[in-house]
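Asks: See work_7.txt below, with compact mmCIF, C-alpha atoms and all ligand atoms.
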# COMPACT_ATOMS: atom_id res chain seq x y z
CA MET A 186 -2.04 64.51 105.18
CA THR A 187 -5.28 62.52 105.09
CA GLU A 188 -8.32 64.39 106.30
CA SER A 189 -9.69 62.93 109.52
CA ILE A 190 -13.46 62.43 109.81
CA ALA A 191 -13.50 61.25 113.42
CA GLN A 192 -10.90 61.84 116.09
CA ILE A 193 -11.24 60.40 119.55
CA ARG A 194 -8.67 61.28 122.19
CA ASP A 195 -8.35 59.73 125.63
CA MET A 196 -12.10 59.24 125.83
CA ASP A 197 -13.83 57.62 128.78
CA LEU A 198 -17.47 56.68 129.17
CA ARG A 199 -18.89 55.99 132.61
CA LEU A 200 -22.56 55.21 133.07
CA LYS A 201 -24.62 55.01 136.23
CA SER A 202 -26.27 51.69 136.96
CA GLY A 203 -28.29 51.98 140.17
CA GLU A 204 -25.81 52.78 142.94
CA ASN A 205 -22.81 51.92 140.80
CA VAL A 206 -20.88 53.75 138.13
CA LEU A 207 -19.73 51.45 135.33
CA HIS A 208 -16.54 52.28 133.46
CA ILE A 209 -17.72 51.30 129.97
CA LEU A 210 -15.05 52.83 127.69
CA LYS A 211 -11.49 53.34 128.90
CA SER A 212 -9.04 55.87 127.51
CA ILE A 213 -10.03 55.35 123.88
CA THR A 214 -7.84 57.01 121.25
CA PHE A 215 -8.21 56.52 117.52
CA SER A 216 -9.14 58.30 114.34
CA ILE A 217 -10.87 57.46 111.08
CA ALA A 218 -9.74 59.13 107.88
CA ARG A 219 -11.98 60.29 105.04
CA GLY A 220 -13.10 57.26 103.01
CA GLU A 221 -11.46 54.76 105.35
CA VAL A 222 -13.24 51.55 106.40
CA VAL A 223 -12.42 50.50 109.96
CA SER A 224 -13.77 47.43 111.71
CA ALA A 225 -14.18 46.76 115.42
CA VAL A 226 -14.59 43.24 116.74
CA GLY A 227 -14.77 42.10 120.33
CA PRO A 228 -16.76 39.97 122.75
CA SER A 229 -20.29 40.74 123.79
CA GLY A 230 -20.35 43.52 126.38
CA SER A 231 -16.88 44.84 125.50
CA GLY A 232 -18.27 48.26 124.57
CA LYS A 233 -18.59 48.24 120.77
CA THR A 234 -22.12 49.64 120.62
CA SER A 235 -21.27 52.17 123.34
CA LEU A 236 -18.39 53.42 121.20
CA LEU A 237 -20.74 53.80 118.25
CA MET A 238 -23.24 55.68 120.43
CA VAL A 239 -20.57 58.17 121.50
CA LEU A 240 -19.47 58.74 117.88
CA ALA A 241 -23.10 59.28 116.88
CA GLY A 242 -23.50 61.86 119.65
CA LEU A 243 -26.23 59.71 121.24
CA GLU A 244 -24.14 59.16 124.37
CA LYS A 245 -21.92 61.86 125.84
CA ALA A 246 -18.31 60.97 126.68
CA THR A 247 -17.51 61.45 130.37
CA SER A 248 -14.03 62.78 129.57
CA GLY A 249 -11.66 63.18 126.63
CA THR A 250 -12.47 64.62 123.22
CA VAL A 251 -14.66 63.37 120.39
CA VAL A 252 -14.40 65.34 117.14
CA VAL A 253 -16.65 64.29 114.24
CA GLY A 254 -16.58 66.11 110.90
CA GLY A 255 -14.41 68.81 112.47
CA THR A 256 -16.86 69.50 115.31
CA ASP A 257 -16.08 68.82 118.97
CA LEU A 258 -19.19 66.95 120.15
CA GLY A 259 -18.43 67.68 123.81
CA ALA A 260 -19.24 71.35 123.32
CA LEU A 261 -22.68 70.83 121.77
CA ASN A 262 -26.24 70.81 123.11
CA GLU A 263 -28.84 68.24 121.96
CA ASP A 264 -30.07 70.33 119.00
CA GLN A 265 -26.54 70.93 117.77
CA LEU A 266 -25.74 67.23 118.13
CA ALA A 267 -28.81 66.41 116.04
CA ASP A 268 -27.51 68.82 113.36
CA VAL A 269 -24.15 67.01 113.24
CA ARG A 270 -25.95 63.66 112.98
CA ARG A 271 -28.13 64.92 110.12
CA GLY A 272 -25.29 66.44 108.15
CA THR A 273 -22.42 64.06 108.80
CA ILE A 274 -23.46 60.65 110.09
CA GLY A 275 -25.41 57.68 108.77
CA ILE A 276 -26.36 54.71 110.95
CA LEU A 277 -27.02 51.15 109.81
CA PHE A 278 -28.60 48.77 112.29
CA GLN A 279 -28.71 45.00 112.60
CA ASN A 280 -32.50 44.86 112.64
CA PHE A 281 -32.97 47.24 109.69
CA HIS A 282 -35.62 49.29 111.59
CA LEU A 283 -37.70 49.83 108.46
CA ILE A 284 -41.22 51.18 108.89
CA PRO A 285 -43.46 48.21 107.94
CA SER A 286 -46.32 50.27 106.46
CA MET A 287 -44.03 52.23 104.13
CA THR A 288 -42.59 51.09 100.81
CA ALA A 289 -38.86 50.84 100.25
CA LEU A 290 -38.88 54.21 98.49
CA GLU A 291 -40.94 55.86 101.25
CA ASN A 292 -38.61 54.50 103.95
CA VAL A 293 -35.58 55.98 102.21
CA ALA A 294 -37.35 59.26 101.36
CA LEU A 295 -38.48 59.71 104.96
CA ALA A 296 -34.90 59.68 106.23
CA LEU A 297 -34.00 62.45 103.80
CA GLU A 298 -37.13 64.45 104.62
CA ILE A 299 -36.34 64.31 108.33
CA ALA A 300 -32.72 65.35 107.76
CA PHE A 301 -33.40 68.10 105.22
CA SER A 302 -36.99 69.26 105.68
CA ASP A 303 -36.61 72.19 103.27
CA LEU A 304 -35.80 70.01 100.23
CA PRO A 305 -38.58 69.95 97.60
CA LEU A 306 -40.54 66.70 97.47
CA SER A 307 -39.46 66.06 93.86
CA GLU A 308 -35.79 66.31 94.91
CA ILE A 309 -36.40 63.98 97.86
CA ARG A 310 -37.98 61.34 95.63
CA MET A 311 -35.23 61.69 93.04
CA ARG A 312 -32.46 61.24 95.62
CA ALA A 313 -34.27 58.35 97.33
CA ARG A 314 -34.63 56.61 93.94
CA GLN A 315 -30.95 57.17 93.27
CA ALA A 316 -29.97 55.67 96.65
CA LEU A 317 -32.13 52.60 95.98
CA ALA A 318 -30.51 52.26 92.55
CA GLU A 319 -27.07 52.38 94.20
CA VAL A 320 -27.96 49.33 96.28
CA GLY A 321 -29.48 47.57 93.25
CA LEU A 322 -33.10 47.81 94.35
CA SER A 323 -34.70 50.00 91.68
CA GLU A 324 -37.11 47.18 90.86
CA ARG A 325 -38.30 47.00 94.47
CA GLU A 326 -39.13 50.68 95.13
CA ASP A 327 -42.83 50.07 95.73
CA HIS A 328 -42.50 46.93 97.84
CA LEU A 329 -43.30 46.90 101.54
CA PRO A 330 -40.52 45.52 103.80
CA SER A 331 -42.60 42.37 104.39
CA ALA A 332 -42.34 41.59 100.66
CA LEU A 333 -38.54 41.82 100.70
CA SER A 334 -35.94 39.24 101.73
CA GLY A 335 -33.67 39.92 104.73
CA GLY A 336 -30.79 40.87 102.43
CA GLU A 337 -33.04 43.22 100.45
CA GLN A 338 -34.35 44.82 103.63
CA GLN A 339 -30.79 45.44 104.75
CA ARG A 340 -30.04 47.02 101.36
CA VAL A 341 -33.02 49.38 101.89
CA GLY A 342 -31.50 50.13 105.31
CA LEU A 343 -28.21 50.90 103.57
CA ALA A 344 -29.92 53.14 100.99
CA ARG A 345 -31.62 54.97 103.85
CA ALA A 346 -28.31 55.41 105.68
CA ILE A 347 -26.49 56.82 102.62
CA VAL A 348 -29.30 58.94 101.11
CA THR A 349 -28.16 61.92 103.19
CA ARG A 350 -24.59 61.48 101.86
CA PRO A 351 -22.97 61.02 105.29
CA LYS A 352 -19.23 61.43 105.71
CA LEU A 353 -19.21 58.72 108.36
CA LEU A 354 -21.35 55.58 108.35
CA LEU A 355 -21.71 53.77 111.67
CA ALA A 356 -22.73 50.15 111.12
CA ASP A 357 -23.65 48.06 114.17
CA GLU A 358 -23.67 44.33 113.29
CA PRO A 359 -25.30 45.16 109.95
CA THR A 360 -25.11 41.55 108.77
CA GLY A 361 -26.00 39.87 112.05
CA ASN A 362 -29.38 38.67 110.76
CA LEU A 363 -28.19 37.51 107.35
CA ASP A 364 -26.85 34.16 106.19
CA GLN A 365 -23.15 33.99 105.40
CA GLN A 366 -23.39 34.51 101.66
CA THR A 367 -25.91 37.36 101.90
CA ALA A 368 -23.78 38.94 104.64
CA ALA A 369 -20.68 38.78 102.43
CA SER A 370 -22.43 40.45 99.50
CA ALA A 371 -23.98 43.10 101.79
CA ILE A 372 -20.49 43.95 103.08
CA GLU A 373 -19.11 44.00 99.54
CA LEU A 374 -21.84 46.47 98.59
CA LEU A 375 -21.20 48.58 101.69
CA PHE A 376 -17.45 48.76 101.13
CA GLY A 377 -17.91 49.52 97.41
CA LEU A 378 -20.27 52.40 98.23
CA ALA A 379 -17.85 53.69 100.85
CA LYS A 380 -15.01 53.81 98.33
CA ARG A 381 -17.13 55.34 95.55
CA ASN A 382 -18.57 58.04 97.80
CA THR A 383 -15.42 58.59 99.90
CA MET A 384 -17.44 57.73 102.97
CA ALA A 385 -15.70 56.56 106.14
CA VAL A 386 -17.20 53.47 107.80
CA LEU A 387 -16.97 52.09 111.32
CA LEU A 388 -18.13 48.49 111.02
CA ILE A 389 -18.95 46.66 114.22
CA THR A 390 -19.11 42.93 113.72
CA HIS A 391 -18.71 39.59 115.43
CA ASP A 392 -17.49 38.11 112.16
CA ASP A 393 -13.68 38.05 111.95
CA ALA A 394 -13.72 37.26 108.22
CA LEU A 395 -15.79 40.36 107.47
CA ALA A 396 -13.69 42.46 109.86
CA ARG A 397 -10.50 41.47 108.04
CA ARG A 398 -11.82 43.02 104.82
CA ALA A 399 -11.69 46.52 106.34
CA ASP A 400 -8.75 48.88 105.68
CA ARG A 401 -7.94 48.77 109.38
CA GLN A 402 -9.02 46.50 112.22
CA MET A 403 -9.56 47.26 115.87
CA ARG A 404 -10.54 45.05 118.78
CA MET A 405 -12.54 46.05 121.84
CA ASP A 406 -11.73 44.24 125.05
CA ARG A 407 -13.38 45.16 128.36
CA GLY A 408 -13.79 48.79 127.33
CA GLU A 409 -10.30 49.15 125.84
CA LEU A 410 -9.63 49.57 122.16
CA HIS A 411 -6.62 48.03 120.44
CA GLU A 412 -5.46 48.47 116.86
CA LEU A 413 -4.80 45.04 115.32
CA ASP A 414 -2.55 45.97 112.43
CA GLY A 415 0.00 48.14 114.16
CA THR A 416 -1.33 51.40 112.71
CA SER A 417 -2.59 53.91 115.21
CA ALA A 418 -4.31 57.26 115.37
N1 LIG A 501 -27.27 52.59 129.32
C1 LIG A 501 -26.47 51.75 129.97
N2 LIG A 501 -26.43 51.75 131.32
C2 LIG A 501 -25.62 50.92 132.00
N3 LIG A 501 -24.78 50.04 131.39
C3 LIG A 501 -24.78 49.99 130.06
C4 LIG A 501 -25.61 50.83 129.28
N4 LIG A 501 -25.37 50.56 127.98
C5 LIG A 501 -24.44 49.58 127.95
N5 LIG A 501 -24.10 49.23 129.21
C6 LIG A 501 -23.08 48.23 129.58
O1 LIG A 501 -21.88 48.57 128.93
C7 LIG A 501 -21.15 47.42 128.55
C8 LIG A 501 -20.84 47.49 127.06
O2 LIG A 501 -22.06 47.32 126.32
P1 LIG A 501 -22.10 47.41 124.73
O3 LIG A 501 -23.53 47.23 124.32
O4 LIG A 501 -21.41 48.63 124.30
O5 LIG A 501 -21.24 46.12 124.35
P2 LIG A 501 -21.08 45.40 122.94
O6 LIG A 501 -19.62 45.10 122.81
O7 LIG A 501 -21.72 46.22 121.87
O8 LIG A 501 -21.89 44.06 123.16
P3 LIG A 501 -22.72 43.17 122.09
O9 LIG A 501 -21.70 42.59 121.16
O10 LIG A 501 -23.37 42.13 122.96
O11 LIG A 501 -23.72 44.06 121.42
C9 LIG A 501 -22.02 46.23 128.94
O12 LIG A 501 -21.53 45.72 130.15
C10 LIG A 501 -23.41 46.84 129.10
O13 LIG A 501 -24.16 46.12 130.05
I need this file expressed as structure tokens, please.
Replies:
Amino acid sequence: MTESIAQIRDMDLRLKSGENVLHILKSITFSIARGEVVSAVGPSGSGKTSLLMVLAGLEKATSGTVVVGGTDLGALNEDQLADVRRGTIGILFQNFHLIPSMTALENVALALEIAFSDLPLSEIRMRARQALAEVGLSEREDHLPSALSGGEQQRVGLARAIVTRPKLLLADEPTGNLDQQTAASAIELLFGLAKRNTMAVLLITHDDALARRADRQMRMDRGELHELDGTSA
């Protein structure tokens, strides 16, 4: 049996908005296996980012179960959730979120330092260099983000997301700011890394062509999640 990295069962998310309670995610059930790349497409406001937030432990499900890396997130306090994030999860954003005053290497090293503060500095630099090499940016280690193209900045973002060796990478519109060709090669790189490192990926995208390249596709629609290829959790 394939090892499951994330298992969501009958999960609902309701959020307060003023006087109202919004039913954002409705009875969501799915799982992601070790090393599997799963995409989620869906219209704006359908709940894709909210789903990612719940998986990252940044938003607490109102009901149902969310198990990530074998740990039931519902039972954890904030510190314990942060531990799961550090040890298990990587996040890749649309807007890269690089620190402008830090070089590519420093941006990647910082993520590792925050996650594993007891690692020696030499080890941190070595692993950050290795992550940058994996995304083909060894030549750009000492460049500030402003001296890098959009595609290169996203590759630094990817190096930063994988430097902690996450079991699950959550990618929210990671190619949204890139032109079509750069987006395609960024996704190629991401999927290649996922397969080489046996890292599961949840890829949120508006781009159907990119979504189709995942092992499995899902669609969000008004807070409900549907599998597109007939496979289910
Ligand atoms: N903190 C919040 N409080 C209240 N409502 C929220 C909150 N976060 C998200 N929502 C609402 O939840 C719904 C789903 O939002 P979400 O950002 O998950 O959608 P999305 O599919 O990722 O959209 P997009 O593709 O535009 O990023 C939206 O109606 C949004 O307004």
Asks: Please build the interface table for stretch 371-390 of chain A against stretch 399-409 of chain A with a cut-off of 10 Å, listing for each qualifying residue the nearest atom pair and the distance in Å to one decimal; count only C-alpha atoms, order rows by chain and increasing number, and write it as JSON lines.
Replies:
{"residue": "A:Ile372", "atom": "CA", "partner": "A:Ala399", "partner_atom": "CA", "distance": 9.7}
{"residue": "A:Phe376", "atom": "CA", "partner": "A:Ala399", "partner_atom": "CA", "distance": 8.1}
{"residue": "A:Val386", "atom": "CA", "partner": "A:Ala399", "partner_atom": "CA", "distance": 9.0}
{"residue": "A:Leu387", "atom": "CA", "partner": "A:Ala399", "partner_atom": "CA", "distance": 9.1}
{"residue": "A:Leu388", "atom": "CA", "partner": "A:Ala399", "partner_atom": "CA", "distance": 8.2}
{"residue": "A:Ile389", "atom": "CA", "partner": "A:Met403", "partner_atom": "CA", "distance": 9.6}
Asks: My list of candidates is A:Ile274, A:Thr214, A:Ser231, A:Arg345. Which is closest to A:Ala296 when distances are computed with all atoms listed in the file?
Replies: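 Residue with the minimum atom-to-atom distance to A:Ala296: A:Arg345.
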Asks: Between atom N2 of ligand LIG 501 (chain A) and atom CA of A:Phe281, what distance in Å does the model show, to one decimal?
Replies: 23.0 Å
Asks: Tell me which protein, DNA and RNA residues are within 12 Å of A:Glu188, counting all atoms listed in the file, leaving out same-chain ones fewer than 2 positions away, and put them as a list in words.
Replies: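 Once the adjacent positions are removed, what remains is Met186, Ile190, Ala191, Gln192, Ser216, Ile217, Ala218, Arg219, Gly220, Glu221, Val253, Gly254, Gly255, Lys352, Thr383, Met384 and Ala385 of chain A.
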Asks: Could you write out that same residue set with C-alpha atoms as a PDB file, in the coordinates of the input?
Replies:
ATOM      1  CA  MET A 186      -2.040  64.510 105.180  1.00  0.00           C
ATOM      2  CA  ILE A 190     -13.460  62.430 109.810  1.00  0.00           C
ATOM      3  CA  ALA A 191     -13.500  61.250 113.420  1.00  0.00           C
ATOM      4  CA  GLN A 192     -10.900  61.840 116.090  1.00  0.00           C
ATOM      5  CA  SER A 216      -9.140  58.300 114.340  1.00  0.00           C
ATOM      6  CA  ILE A 217     -10.870  57.460 111.080  1.00  0.00           C
ATOM      7  CA  ALA A 218      -9.740  59.130 107.880  1.00  0.00           C
ATOM      8  CA  ARG A 219     -11.980  60.290 105.040  1.00  0.00           C
ATOM      9  CA  GLY A 220     -13.100  57.260 103.010  1.00  0.00           C
ATOM     10  CA  GLU A 221     -11.460  54.760 105.350  1.00  0.00           C
ATOM     11  CA  VAL A 253     -16.650  64.290 114.240  1.00  0.00           C
ATOM     12  CA  GLY A 254     -16.580  66.110 110.900  1.00  0.00           C
ATOM     13  CA  GLY A 255     -14.410  68.810 112.470  1.00  0.00           C
ATOM     14  CA  LYS A 352     -19.230  61.430 105.710  1.00  0.00           C
ATOM     15  CA  THR A 383     -15.420  58.590  99.900  1.00  0.00           C
ATOM     16  CA  MET A 384     -17.440  57.730 102.970  1.00  0.00           C
ATOM     17  CA  ALA A 385     -15.700  56.560 106.140  1.00  0.00           C
TER      18      ALA A 385
END
Asks: Would you list the contacts of stretch 299-302 of chain A as a PyMOL selection string, taking every protein, DNA or RNA residue within 12 Å and counting all atoms listed in the file, but skipping same-chain residues closer than 4 positions in sequence?
Replies: chain A and resi 267-275+291-295+306+308-309+312+345-351
Asks: Give me the chain A side of the contact with ligand LIG 501 (chain A), cut-off 10 Å, one line per residue showing its nearest atom pair and distance in Å at one decimal, counting all atoms listed in the file, sorted by chain and residue number, as CSV.
Replies:
residue,atom,partner,partner_atom,distance
A:Leu198,CA,A:LIG501,O1,9.2
A:Arg199,CA,A:LIG501,C2,8.4
A:Leu200,CA,A:LIG501,C2,5.4
A:Lys201,CA,A:LIG501,C2,6.0
A:Ser202,CA,A:LIG501,C2,5.1
A:Gly203,CA,A:LIG501,C2,8.7
A:Asn205,CA,A:LIG501,C2,9.3
A:Val206,CA,A:LIG501,C2,8.2
A:Leu207,CA,A:LIG501,N3,6.6
A:His208,CA,A:LIG501,O1,7.9
A:Ile209,CA,A:LIG501,O1,5.1
A:Leu210,CA,A:LIG501,C8,7.9
A:Ala225,CA,A:LIG501,O6,9.3
A:Val226,CA,A:LIG501,O6,8.1
A:Gly227,CA,A:LIG501,O6,6.2
A:Pro228,CA,A:LIG501,O9,5.8
A:Ser229,CA,A:LIG501,O10,3.5
A:Gly230,CA,A:LIG501,O5,3.4
A:Ser231,CA,A:LIG501,O6,3.8
A:Gly232,CA,A:LIG501,O4,3.2
A:Lys233,CA,A:LIG501,O6,3.9
A:Thr234,CA,A:LIG501,O7,3.7
A:Ser235,CA,A:LIG501,O4,3.7
A:Leu236,CA,A:LIG501,O4,6.5
A:Leu237,CA,A:LIG501,O4,8.0
A:Met238,CA,A:LIG501,O4,8.2
A:Val239,CA,A:LIG501,O4,10.0
A:Glu244,CA,A:LIG501,N1,8.8
A:Asp357,CA,A:LIG501,O7,8.1
A:Glu358,CA,A:LIG501,O11,8.1
A:Ile389,CA,A:LIG501,O7,8.1
A:Thr390,CA,A:LIG501,O9,7.9
A:His391,CA,A:LIG501,O9,7.1
A:Arg404,CA,A:LIG501,O6,9.9
A:Met405,CA,A:LIG501,O6,7.2
A:Asp406,CA,A:LIG501,O6,8.2
A:Arg407,CA,A:LIG501,C8,7.9
A:Gly408,CA,A:LIG501,C8,7.2
Asks: To one decimal place in Å, what is the distance between atom CA of A:Glu373 and atom CA of A:Ile276?
Replies: 17.2 Å
Asks: Could you please determine the separation between atom CA of A:Pro330 and atom CA of A:Pro285 in Å, to one decimal place?
Replies: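 Calculated distance between atom CA of A:Pro330 and atom CA of A:Pro285 is 5.7 Å.
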Asks: Pick the closest to A:Ala371 from A:Met287, A:Val341, A:Leu355, A:Val222: which is it, counting all atoms listed in the file?
Replies: A:Val341
Asks: Taking 3 positions as the minimum chain separation for residues in the same chain, which residues sit within 8 Å of A:Arg340 when counting all atoms listed in the file? Answer as a PDB file with C-alpha atoms, keeping the file's coordinate frame.
Replies:
ATOM      1  CA  VAL A 320     -27.960  49.330  96.280  1.00  0.00           C
ATOM      2  CA  LEU A 322     -33.100  47.810  94.350  1.00  0.00           C
ATOM      3  CA  GLY A 336     -30.790  40.870 102.430  1.00  0.00           C
ATOM      4  CA  GLU A 337     -33.040  43.220 100.450  1.00  0.00           C
ATOM      5  CA  LEU A 343     -28.210  50.900 103.570  1.00  0.00           C
ATOM      6  CA  ALA A 344     -29.920  53.140 100.990  1.00  0.00           C
ATOM      7  CA  ALA A 371     -23.980  43.100 101.790  1.00  0.00           C
TER       8      ALA A 371
END
Asks: Taking only C-alpha atoms into account, which of A:Gln338, A:Lys211, A:Leu329, A:Ser224 comes nearest A:Ala396?
Replies: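 Using only C-alpha atoms, A:Ala396 sits closest to A:Ser224.
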Asks: Closest to A:Ala289 among A:Ala394, A:Leu413, A:Ala368, A:Ala318, using all atoms listed in the file?
Replies: A:Ala318
Asks: Which one of A:Ala369, A:Leu243, A:Leu374, A:Leu363 sits closest to A:Asn280 if you count only C-alpha atoms?
Replies: A:Leu363
